[in-house]
>>> print(open('run_5.cif').read())   # mmCIF, C-alpha atoms and all ligand atoms
data_target
#
loop_
_atom_site.label_atom_id
_atom_site.label_comp_id
_atom_site.auth_asym_id
_atom_site.auth_seq_id
_atom_site.Cartn_x
_atom_site.Cartn_y
_atom_site.Cartn_z
CA MET A 1 0.63 -7.37 -72.41
CA LYS A 2 2.20 -9.80 -70.01
CA SER A 3 4.56 -7.26 -68.61
CA GLY A 4 1.72 -4.70 -68.40
CA LYS A 5 -0.38 -7.13 -66.35
CA LEU A 6 2.62 -7.82 -64.18
CA SER A 7 3.08 -4.12 -63.40
CA VAL A 8 -0.60 -3.92 -62.35
CA TYR A 9 0.01 -6.85 -60.00
CA VAL A 10 3.14 -5.16 -58.70
CA LEU A 11 1.13 -1.98 -58.16
CA ILE A 12 -1.60 -3.90 -56.29
CA ILE A 13 0.96 -5.69 -54.15
CA ALA A 14 2.67 -2.37 -53.43
CA LEU A 15 -0.64 -0.77 -52.41
CA VAL A 16 -1.57 -3.74 -50.23
CA SER A 17 1.83 -3.53 -48.54
CA VAL A 18 1.38 0.19 -47.89
CA PHE A 19 -2.07 -0.45 -46.34
CA ALA A 20 -0.69 -3.29 -44.27
CA ALA A 21 2.16 -1.11 -43.08
CA CYS A 22 -0.28 1.69 -42.19
CA SER A 23 -2.65 -0.57 -40.27
CA SER A 24 0.19 -2.27 -38.40
CA THR A 25 1.58 1.15 -37.44
CA LYS A 26 -1.86 2.06 -36.11
CA LYS A 27 -2.06 -1.18 -34.15
CA ALA A 28 1.41 -0.63 -32.66
CA GLY A 29 0.27 2.82 -31.47
CA SER A 30 -2.49 1.31 -29.33
CA THR A 31 -0.35 -1.33 -27.64
CA PRO A 32 1.72 -0.32 -24.62
CA LYS A 33 5.43 0.19 -24.86
CA LEU A 34 7.55 -2.12 -22.74
CA GLN A 35 9.19 0.32 -20.35
CA ALA A 36 12.93 0.23 -19.75
CA VAL A 37 14.51 0.26 -16.31
CA ASP A 38 18.01 1.03 -15.12
CA GLU A 39 19.04 -2.60 -14.52
CA THR A 40 22.37 -1.78 -12.90
CA THR A 41 20.84 0.47 -10.25
CA LEU A 42 17.90 -1.87 -9.72
CA MET A 43 20.26 -4.79 -9.04
CA SER A 44 22.64 -2.77 -6.86
CA HIS A 45 19.74 -1.54 -4.68
CA LEU A 46 18.48 -5.12 -4.40
CA GLN A 47 21.93 -6.29 -3.33
CA TYR A 48 22.38 -3.41 -0.89
CA LEU A 49 18.99 -3.83 0.85
CA SER A 50 19.64 -7.60 1.01
CA SER A 51 23.05 -7.16 2.60
CA ASP A 52 23.91 -8.15 6.18
CA GLU A 53 24.23 -4.43 6.99
CA PHE A 54 20.44 -4.29 7.28
CA LYS A 55 20.20 -7.46 9.41
CA GLY A 56 16.91 -8.48 7.86
CA ARG A 57 15.21 -5.05 8.24
CA LEU A 58 13.26 -5.93 11.38
CA VAL A 59 10.54 -3.44 12.33
CA GLY A 60 11.69 -1.14 15.14
CA SER A 61 15.40 -1.99 14.73
CA PRO A 62 18.27 0.46 14.07
CA GLU A 63 18.73 -1.28 10.70
CA SER A 64 15.11 -0.56 9.82
CA GLU A 65 15.83 3.10 10.50
CA LYS A 66 18.84 2.87 8.22
CA ALA A 67 16.61 1.43 5.49
CA GLN A 68 14.15 4.30 5.96
CA GLU A 69 16.98 6.80 5.62
CA PHE A 70 18.10 5.13 2.40
CA LEU A 71 14.58 5.19 0.93
CA ILE A 72 14.06 8.84 1.89
CA GLN A 73 17.42 9.74 0.38
CA GLN A 74 16.35 8.04 -2.88
CA LEU A 75 13.03 9.92 -3.01
CA GLN A 76 14.82 13.20 -2.30
CA SER A 77 17.40 12.55 -5.00
CA PHE A 78 14.60 12.28 -7.59
CA GLY A 79 12.76 15.31 -6.22
CA VAL A 80 9.78 13.27 -4.93
CA LYS A 81 8.04 15.17 -2.11
CA PRO A 82 6.44 13.59 0.98
CA LEU A 83 2.70 12.79 0.86
CA LEU A 84 2.26 13.81 4.49
CA ALA A 85 4.06 16.36 6.67
CA ALA A 86 7.26 14.27 6.47
CA TYR A 87 8.41 11.23 4.53
CA ARG A 88 8.03 9.05 7.59
CA GLN A 89 4.56 8.06 8.74
CA PRO A 90 5.23 6.81 12.27
CA PHE A 91 3.03 4.45 14.25
CA THR A 92 3.47 2.25 17.29
CA MET A 93 2.75 -1.43 17.67
CA ASN A 94 3.45 -4.45 19.83
CA ARG A 95 5.67 -7.27 18.76
CA ARG A 96 4.08 -10.69 18.66
CA ASN A 97 3.94 -12.25 22.16
CA ASP A 98 4.65 -8.90 23.84
CA THR A 99 1.54 -6.95 24.75
CA VAL A 100 3.39 -4.55 27.08
CA ASN A 101 6.20 -2.86 25.17
CA LYS A 102 5.36 -0.66 22.21
CA ILE A 103 7.85 -0.30 19.38
CA ASN A 104 8.14 2.46 16.80
CA ALA A 105 7.42 1.62 13.18
CA ASN A 106 7.54 3.86 10.12
CA ASN A 107 6.07 3.84 6.64
CA VAL A 108 8.00 5.96 4.12
CA ILE A 109 5.65 7.73 1.73
CA GLY A 110 6.17 10.05 -1.22
CA LEU A 111 3.80 11.81 -3.62
CA ILE A 112 4.16 12.52 -7.32
CA PRO A 113 1.41 14.97 -8.32
CA GLY A 114 -0.70 14.10 -11.36
CA LYS A 115 -1.35 16.62 -14.10
CA LYS A 116 -4.85 15.60 -15.23
CA TYR A 117 -6.85 14.00 -12.42
CA LYS A 118 -5.69 16.03 -9.46
CA ASP A 119 -8.14 14.50 -6.99
CA LYS A 120 -7.41 10.86 -7.87
CA TYR A 121 -4.61 8.69 -6.51
CA ILE A 122 -2.87 5.46 -7.49
CA VAL A 123 -0.97 3.93 -4.54
CA LEU A 124 2.10 1.92 -5.56
CA SER A 125 3.36 -0.13 -2.61
CA ALA A 126 6.00 -2.57 -1.41
CA HIS A 127 6.93 -3.52 2.15
CA TYR A 128 10.58 -2.93 3.02
CA ASP A 129 10.60 -4.79 6.36
CA HIS A 130 11.53 -8.43 6.84
CA ILE A 131 11.90 -10.70 9.86
CA GLY A 132 15.38 -9.78 11.16
CA GLU A 133 17.59 -12.41 12.78
CA ARG A 134 16.70 -15.80 14.23
CA ASN A 135 18.98 -18.32 15.93
CA GLY A 136 22.02 -16.24 15.03
CA LEU A 137 21.15 -16.18 11.32
CA ILE A 138 20.32 -13.08 9.31
CA PHE A 139 17.17 -13.40 7.24
CA ASN A 140 18.17 -11.11 4.38
CA GLY A 141 14.75 -11.14 2.70
CA THR A 142 15.96 -10.51 -0.83
CA ASP A 143 12.90 -11.72 -2.67
CA ASP A 144 10.70 -10.90 0.37
CA ASN A 145 10.74 -7.98 -0.17
CA ALA A 146 13.89 -6.11 -1.11
CA SER A 147 12.75 -7.03 -4.64
CA GLY A 148 9.51 -5.03 -4.50
CA THR A 149 11.24 -2.22 -2.60
CA SER A 150 13.99 -1.78 -5.21
CA ALA A 151 11.40 -1.90 -8.00
CA LEU A 152 9.39 0.82 -6.26
CA ILE A 153 12.47 3.06 -6.11
CA GLN A 154 12.71 2.76 -9.91
CA PHE A 155 9.00 3.54 -10.29
CA ALA A 156 9.43 6.69 -8.19
CA LYS A 157 12.27 7.78 -10.46
CA TYR A 158 10.27 7.04 -13.62
CA PHE A 159 7.08 8.87 -12.64
CA GLN A 160 8.90 11.86 -11.18
CA LYS A 161 10.57 12.23 -14.59
CA ASN A 162 7.47 11.35 -16.65
CA GLN A 163 4.64 13.14 -14.87
CA PRO A 164 1.59 10.88 -14.46
CA ASP A 165 -2.03 11.89 -15.18
CA HIS A 166 -3.18 10.72 -11.73
CA ASN A 167 -1.40 11.47 -8.46
CA ILE A 168 0.95 8.62 -7.66
CA VAL A 169 1.70 7.70 -4.06
CA ILE A 170 4.95 5.80 -3.49
CA ALA A 171 4.38 3.76 -0.32
CA PHE A 172 7.19 1.79 1.31
CA PHE A 173 5.30 -0.01 4.06
CA ASP A 174 6.77 -1.20 7.35
CA ALA A 175 5.68 -4.19 9.49
CA GLU A 176 4.03 -6.23 6.74
CA GLU A 177 5.59 -9.27 8.35
CA SER A 178 3.77 -8.46 11.60
CA GLY A 179 0.37 -8.61 9.92
CA LEU A 180 0.21 -5.86 7.27
CA ARG A 181 0.52 -3.31 10.08
CA GLY A 182 2.02 -0.47 8.04
CA ALA A 183 -0.53 -0.79 5.24
CA ARG A 184 -3.37 -1.03 7.76
CA HIS A 185 -2.14 2.11 9.51
CA PHE A 186 -1.93 3.94 6.18
CA VAL A 187 -5.43 2.89 5.12
CA ALA A 188 -6.91 3.79 8.53
CA ASN A 189 -5.37 7.28 8.36
CA LEU A 190 -5.83 8.30 4.73
CA PRO A 191 -5.27 11.99 4.07
CA VAL A 192 -7.96 11.87 1.34
CA ALA A 193 -11.34 10.12 0.99
CA LYS A 194 -10.86 6.45 0.19
CA GLU A 195 -12.98 6.89 -2.98
CA GLN A 196 -10.17 9.08 -4.32
CA ILE A 197 -7.82 6.10 -4.34
CA ILE A 198 -8.62 4.37 -7.60
CA LEU A 199 -6.06 1.56 -7.32
CA ASN A 200 -3.42 -0.04 -5.12
CA VAL A 201 -0.63 -1.84 -6.98
CA ASN A 202 1.31 -3.94 -4.48
CA MET A 203 4.57 -5.78 -5.15
CA ASP A 204 5.87 -8.47 -2.80
CA MET A 205 8.33 -11.16 -3.99
CA ILE A 206 8.99 -10.55 -7.68
CA SER A 207 12.62 -11.58 -8.28
CA ARG A 208 12.58 -15.34 -8.87
CA ASP A 209 10.35 -18.24 -9.73
CA ASP A 210 11.13 -21.86 -10.55
CA ASN A 211 8.69 -21.77 -13.49
CA ASN A 212 9.38 -18.14 -14.42
CA ASP A 213 5.76 -17.16 -13.71
CA LEU A 214 4.70 -13.86 -12.21
CA TYR A 215 1.14 -13.71 -10.91
CA ALA A 216 -1.24 -10.78 -11.21
CA CYS A 217 -3.67 -11.40 -8.43
CA GLY A 218 -6.96 -9.53 -7.90
CA THR A 219 -8.71 -9.61 -11.26
CA PHE A 220 -11.24 -12.06 -9.79
CA GLN A 221 -12.41 -9.13 -7.62
CA HIS A 222 -11.68 -6.44 -10.24
CA PRO A 223 -12.07 -7.88 -13.75
CA PHE A 224 -11.83 -4.39 -15.31
CA LEU A 225 -8.07 -4.48 -14.65
CA LYS A 226 -7.61 -7.16 -17.33
CA THR A 227 -8.14 -4.41 -19.92
CA TYR A 228 -4.83 -2.95 -18.78
CA ILE A 229 -2.94 -6.17 -17.98
CA ASP A 230 -3.78 -8.21 -21.10
CA PRO A 231 -1.89 -5.83 -23.44
CA VAL A 232 1.14 -6.01 -21.12
CA ILE A 233 1.01 -9.81 -21.04
CA ALA A 234 1.16 -9.69 -24.84
CA ILE A 235 4.48 -7.80 -24.85
CA ALA A 236 5.99 -8.96 -21.52
CA PRO A 237 9.43 -10.62 -21.62
CA ILE A 238 8.24 -13.05 -18.88
CA SER A 239 5.13 -15.13 -18.27
CA ILE A 240 2.39 -13.30 -16.33
CA LYS A 241 -0.58 -15.32 -15.14
CA TYR A 242 -3.86 -14.52 -13.43
CA GLY A 243 -4.85 -16.50 -10.38
CA TYR A 244 -4.63 -17.10 -6.64
CA ASP A 245 -7.52 -14.71 -6.07
CA ASP A 246 -10.61 -16.91 -6.07
CA PRO A 247 -11.81 -17.07 -2.43
CA SER A 248 -13.53 -20.41 -3.03
CA ASN A 249 -10.08 -22.01 -3.37
CA GLY A 250 -9.37 -20.88 0.20
CA GLY A 251 -6.32 -20.77 2.46
CA ARG A 252 -2.95 -20.22 0.80
CA ASN A 253 -4.55 -20.49 -2.63
CA ASP A 254 -6.18 -17.09 -2.17
CA TRP A 255 -3.40 -14.51 -1.87
CA THR A 256 -5.58 -11.41 -1.90
CA SER A 257 -5.24 -10.79 1.85
CA LEU A 258 -1.73 -12.23 2.37
CA SER A 259 0.24 -9.06 1.64
CA ASP A 260 -0.38 -5.30 1.98
CA GLN A 261 -3.05 -5.18 -0.75
CA GLY A 262 -5.24 -6.94 1.86
CA ALA A 263 -5.52 -3.69 3.83
CA PHE A 264 -6.88 -1.91 0.74
CA LYS A 265 -9.17 -4.82 -0.13
CA GLN A 266 -10.66 -4.71 3.36
CA VAL A 267 -11.98 -1.17 2.86
CA GLY A 268 -13.10 -1.70 -0.73
CA ILE A 269 -10.25 0.01 -2.59
CA PRO A 270 -9.45 -1.74 -5.93
CA PHE A 271 -6.13 -3.59 -5.83
CA ILE A 272 -3.79 -5.72 -7.86
CA TYR A 273 -0.96 -7.71 -6.37
CA PHE A 274 2.12 -8.91 -8.25
CA GLY A 275 4.17 -11.78 -6.84
CA VAL A 276 5.46 -15.30 -7.27
CA GLU A 277 4.56 -18.65 -5.73
CA ASP A 278 6.29 -19.54 -2.47
CA HIS A 279 9.73 -21.04 -3.06
CA ALA A 280 12.10 -23.23 -1.05
CA ASP A 281 13.76 -20.14 0.52
CA TYR A 282 10.53 -18.40 1.53
CA HIS A 283 10.97 -17.01 5.07
CA LYS A 284 14.33 -18.75 5.40
CA ALA A 285 17.82 -17.36 5.93
CA THR A 286 18.57 -18.57 2.38
CA ASP A 287 16.35 -15.95 0.69
CA THR A 288 19.49 -14.18 -0.52
CA PHE A 289 20.72 -12.08 -3.44
CA GLU A 290 22.54 -15.02 -5.10
CA LYS A 291 19.19 -16.78 -5.65
CA VAL A 292 17.75 -13.98 -7.77
CA LYS A 293 17.05 -14.67 -11.43
CA LYS A 294 18.11 -11.37 -12.90
CA GLU A 295 16.40 -11.81 -16.26
CA PHE A 296 13.10 -12.72 -14.60
CA TYR A 297 13.32 -9.89 -12.06
CA VAL A 298 14.13 -7.21 -14.63
CA GLY A 299 11.35 -8.58 -16.86
CA ALA A 300 8.88 -8.45 -13.96
CA VAL A 301 9.82 -4.87 -13.06
CA ARG A 302 9.55 -3.70 -16.68
CA SER A 303 6.18 -5.42 -17.09
CA ILE A 304 4.65 -4.01 -13.88
CA LEU A 305 5.91 -0.52 -14.74
CA SER A 306 4.40 -0.86 -18.22
CA PHE A 307 1.06 -1.83 -16.65
CA VAL A 308 1.06 1.14 -14.25
CA GLN A 309 2.02 3.49 -17.08
CA LEU A 310 -0.76 2.14 -19.33
CA PHE A 311 -3.35 2.29 -16.54
CA ASP A 312 -2.40 5.84 -15.62
CA LYS A 313 -2.58 7.05 -19.22
CA THR A 314 -5.76 5.27 -20.29
CA PHE A 315 -7.98 4.83 -17.22
CA LYS A 316 -10.53 7.62 -17.00
CA PRO A 317 -11.99 7.95 -13.52
CA THR A 318 -15.61 9.03 -13.15
CA ASN A 319 -16.56 12.17 -11.15
CA SER A 320 -13.28 13.83 -11.90
ZN ZN B 401 6.56 -10.16 1.91
#
>>> encode(input="run_5.cif", output="structure tokens", more="lines below")
Ligand SMILES: [Zn+2]
Amino acid sequence: MKSGKLSVYVLIIALVSVFAACSSTKKAGSTPKLQAVDETTLMSHLQYLSSDEFKGRLVGSPESEKAQEFLIQQLQSFGVKPLLAAYRQPFTMNRRNDTVNKINANNVIGLIPGKKYKDKYIVLSAHYDHIGERNGLIFNGTDDNASGTSALIQFAKYFQKNQPDHNIVIAFFDAEESGLRGARHFVANLPVAKEQIILNVNMDMISRDDNNDLYACGTFQHPFLKTYIDPVIAIAPISIKYGYDDPSNGGRNDWTSLSDQGAFKQVGIPFIYFGVEDHADYHKATDTFEKVKKEFYVGAVRSILSFVQLFDKTFKPTNS
């Protein structure tokens, strides 16, 4: 009798375990997968774009042109086609304190066609320019923003290999440091109706933080995005926080217009910005490769890619 009862218990426990296993499998299927990135290439691009060879990637400089060539070469190597007639989207602008002489600036923009929503676009962006040289010192701009630029190269590679449902625009913007000029030029000259752009994901300064916090900024304006960020926060190898997007906090506590996402925000295109709090090396010659926290940076890149992948696969645009 005793042993008989025991085997019933064993059977019940076994059945419960099977159910538990089934339901946990189901649950795992609905959570996003943390995407992998090629860490070695990511870090070597970060180091290369941060090197003295680029002299701080000043808009209109020969080194800026060299950076454009590098970015175009990367897009070509993956098979990513240009969005426009060519990879470069040229525009002219004045430097600060010089209203006479125009300089030539260039965004570098690629397109990865979507397979499901052919008239909808997600714009992934990062500015590749920085502030050049001052007082004989090179401002390498590693965190600001070789970090977002190198991440965007990896995103281009990923989505070219894993075709997205929506069209994905890879936008390396120029002249962010001169007042979001590249992003503003892009937004003012869209090749499609602005309603067709369902989201801008902008990355600017993502490779280090004293508290290891990455901020996702813009859910105050677009709370629907939490549906796609919350599941990533749950699996992210780093801490991701919401914030710095409430306009009532004002000034430098509202980041929504402080980088290129501001150009999209201004015309009513949904946006999300990923970045860190200002650090001691912000806009200093000491924003260099040695200061990068590799584990944090790789974690940030994997998390943002996972978010974009989840959004692309699960967001269903209306009127499509
Ligand atoms: Zn920046």
>>> closest_residue(input="run_5.cif", among="A:Ser64, A:Phe274, A:Ala280, A:Tyr121", to="Pro191 in chain A", atoms="all atoms listed in the file")
A:Tyr121
>>> closest_residue(input="run_5.cif", among="A:Gly299, A:Gly275, A:Pro237, A:Gly262", to="ligand ZN 401 (chain B)", atoms="all atoms listed in the file")
A:Gly275
>>> closest_atom_pairs(input="run_5.cif", of="chain A", to="ligand ZN 401 (chain B)", cutoff="6 Å", atoms="only C-alpha atoms and all ligand atoms", output="JSON lines")
{"residue": "A:Asp144", "atom": "CA", "partner": "B:ZN401", "partner_atom": "ZN", "distance": 4.5}
{"residue": "A:Asn145", "atom": "CA", "partner": "B:ZN401", "partner_atom": "ZN", "distance": 5.2}
{"residue": "A:Asp204", "atom": "CA", "partner": "B:ZN401", "partner_atom": "ZN", "distance": 5.1}
>>> write_last_selection(input="run_5.cif", atoms="C-alpha atoms", output="compact mmCIF listing (two decimals), in the frame of the given file")
# COMPACT_ATOMS: atom_id res chain seq x y z
CA ASP A 144 10.70 -10.90 0.37
CA ASN A 145 10.74 -7.98 -0.17
CA ASP A 204 5.87 -8.47 -2.80
>>> closest_residue(input="run_5.cif", among="A:Gly79, A:Gly141, A:Gly114, A:Pro62", to="Asp312 in chain A", atoms="all atoms listed in the file")
A:Gly114
>>> residues_around(input="run_5.cif", residues="Asn162 in chain A", least_positions_apart="4", cutoff="10 Å", atoms="all atoms listed in the file", output="number ranges by chain")
A: 112, 156-158, 309
>>> write_last_selection(input="run_5.cif", atoms="C-alpha atoms", output="PDB file, keeping the file's coordinate frame")
ATOM      1  CA  ILE A 112       4.160  12.520  -7.320  1.00  0.00           C
ATOM      2  CA  ALA A 156       9.430   6.690  -8.190  1.00  0.00           C
ATOM      3  CA  LYS A 157      12.270   7.780 -10.460  1.00  0.00           C
ATOM      4  CA  TYR A 158      10.270   7.040 -13.620  1.00  0.00           C
ATOM      5  CA  GLN A 309       2.020   3.490 -17.080  1.00  0.00           C
TER       6      GLN A 309
END
>>> decode(input="run_5.cif", residues="range 164-182 of chain A", atoms="C-alpha atoms", output="PDB file, in the first residue's frame")
ATOM      1  CA  PRO A 164      14.005  42.502 -41.105  1.00  0.00           C
ATOM      2  CA  ASP A 165      10.213  42.751 -41.496  1.00  0.00           C
ATOM      3  CA  HIS A 166      10.356  46.552 -41.829  1.00  0.00           C
ATOM      4  CA  ASN A 167      12.815  48.461 -43.998  1.00  0.00           C
ATOM      5  CA  ILE A 168      15.811  49.423 -41.905  1.00  0.00           C
ATOM      6  CA  VAL A 169      17.729  52.612 -42.642  1.00  0.00           C
ATOM      7  CA  ILE A 170      21.314  52.707 -41.359  1.00  0.00           C
ATOM      8  CA  ALA A 171      22.096  56.397 -40.819  1.00  0.00           C
ATOM      9  CA  PHE A 172      25.586  57.581 -39.896  1.00  0.00           C
ATOM     10  CA  PHE A 173      24.955  61.276 -39.324  1.00  0.00           C
ATOM     11  CA  ASP A 174      27.519  64.052 -39.732  1.00  0.00           C
ATOM     12  CA  ALA A 175      27.696  67.397 -37.870  1.00  0.00           C
ATOM     13  CA  GLU A 176      25.761  66.379 -34.764  1.00  0.00           C
ATOM     14  CA  GLU A 177      28.286  68.375 -32.784  1.00  0.00           C
ATOM     15  CA  SER A 178      27.359  71.491 -34.790  1.00  0.00           C
ATOM     16  CA  GLY A 179      23.712  71.269 -33.736  1.00  0.00           C
ATOM     17  CA  LEU A 180      22.266  67.999 -35.094  1.00  0.00           C
ATOM     18  CA  ARG A 181      22.866  69.344 -38.612  1.00  0.00           C
ATOM     19  CA  GLY A 182      23.126  65.992 -40.397  1.00  0.00           C
TER      20      GLY A 182
END
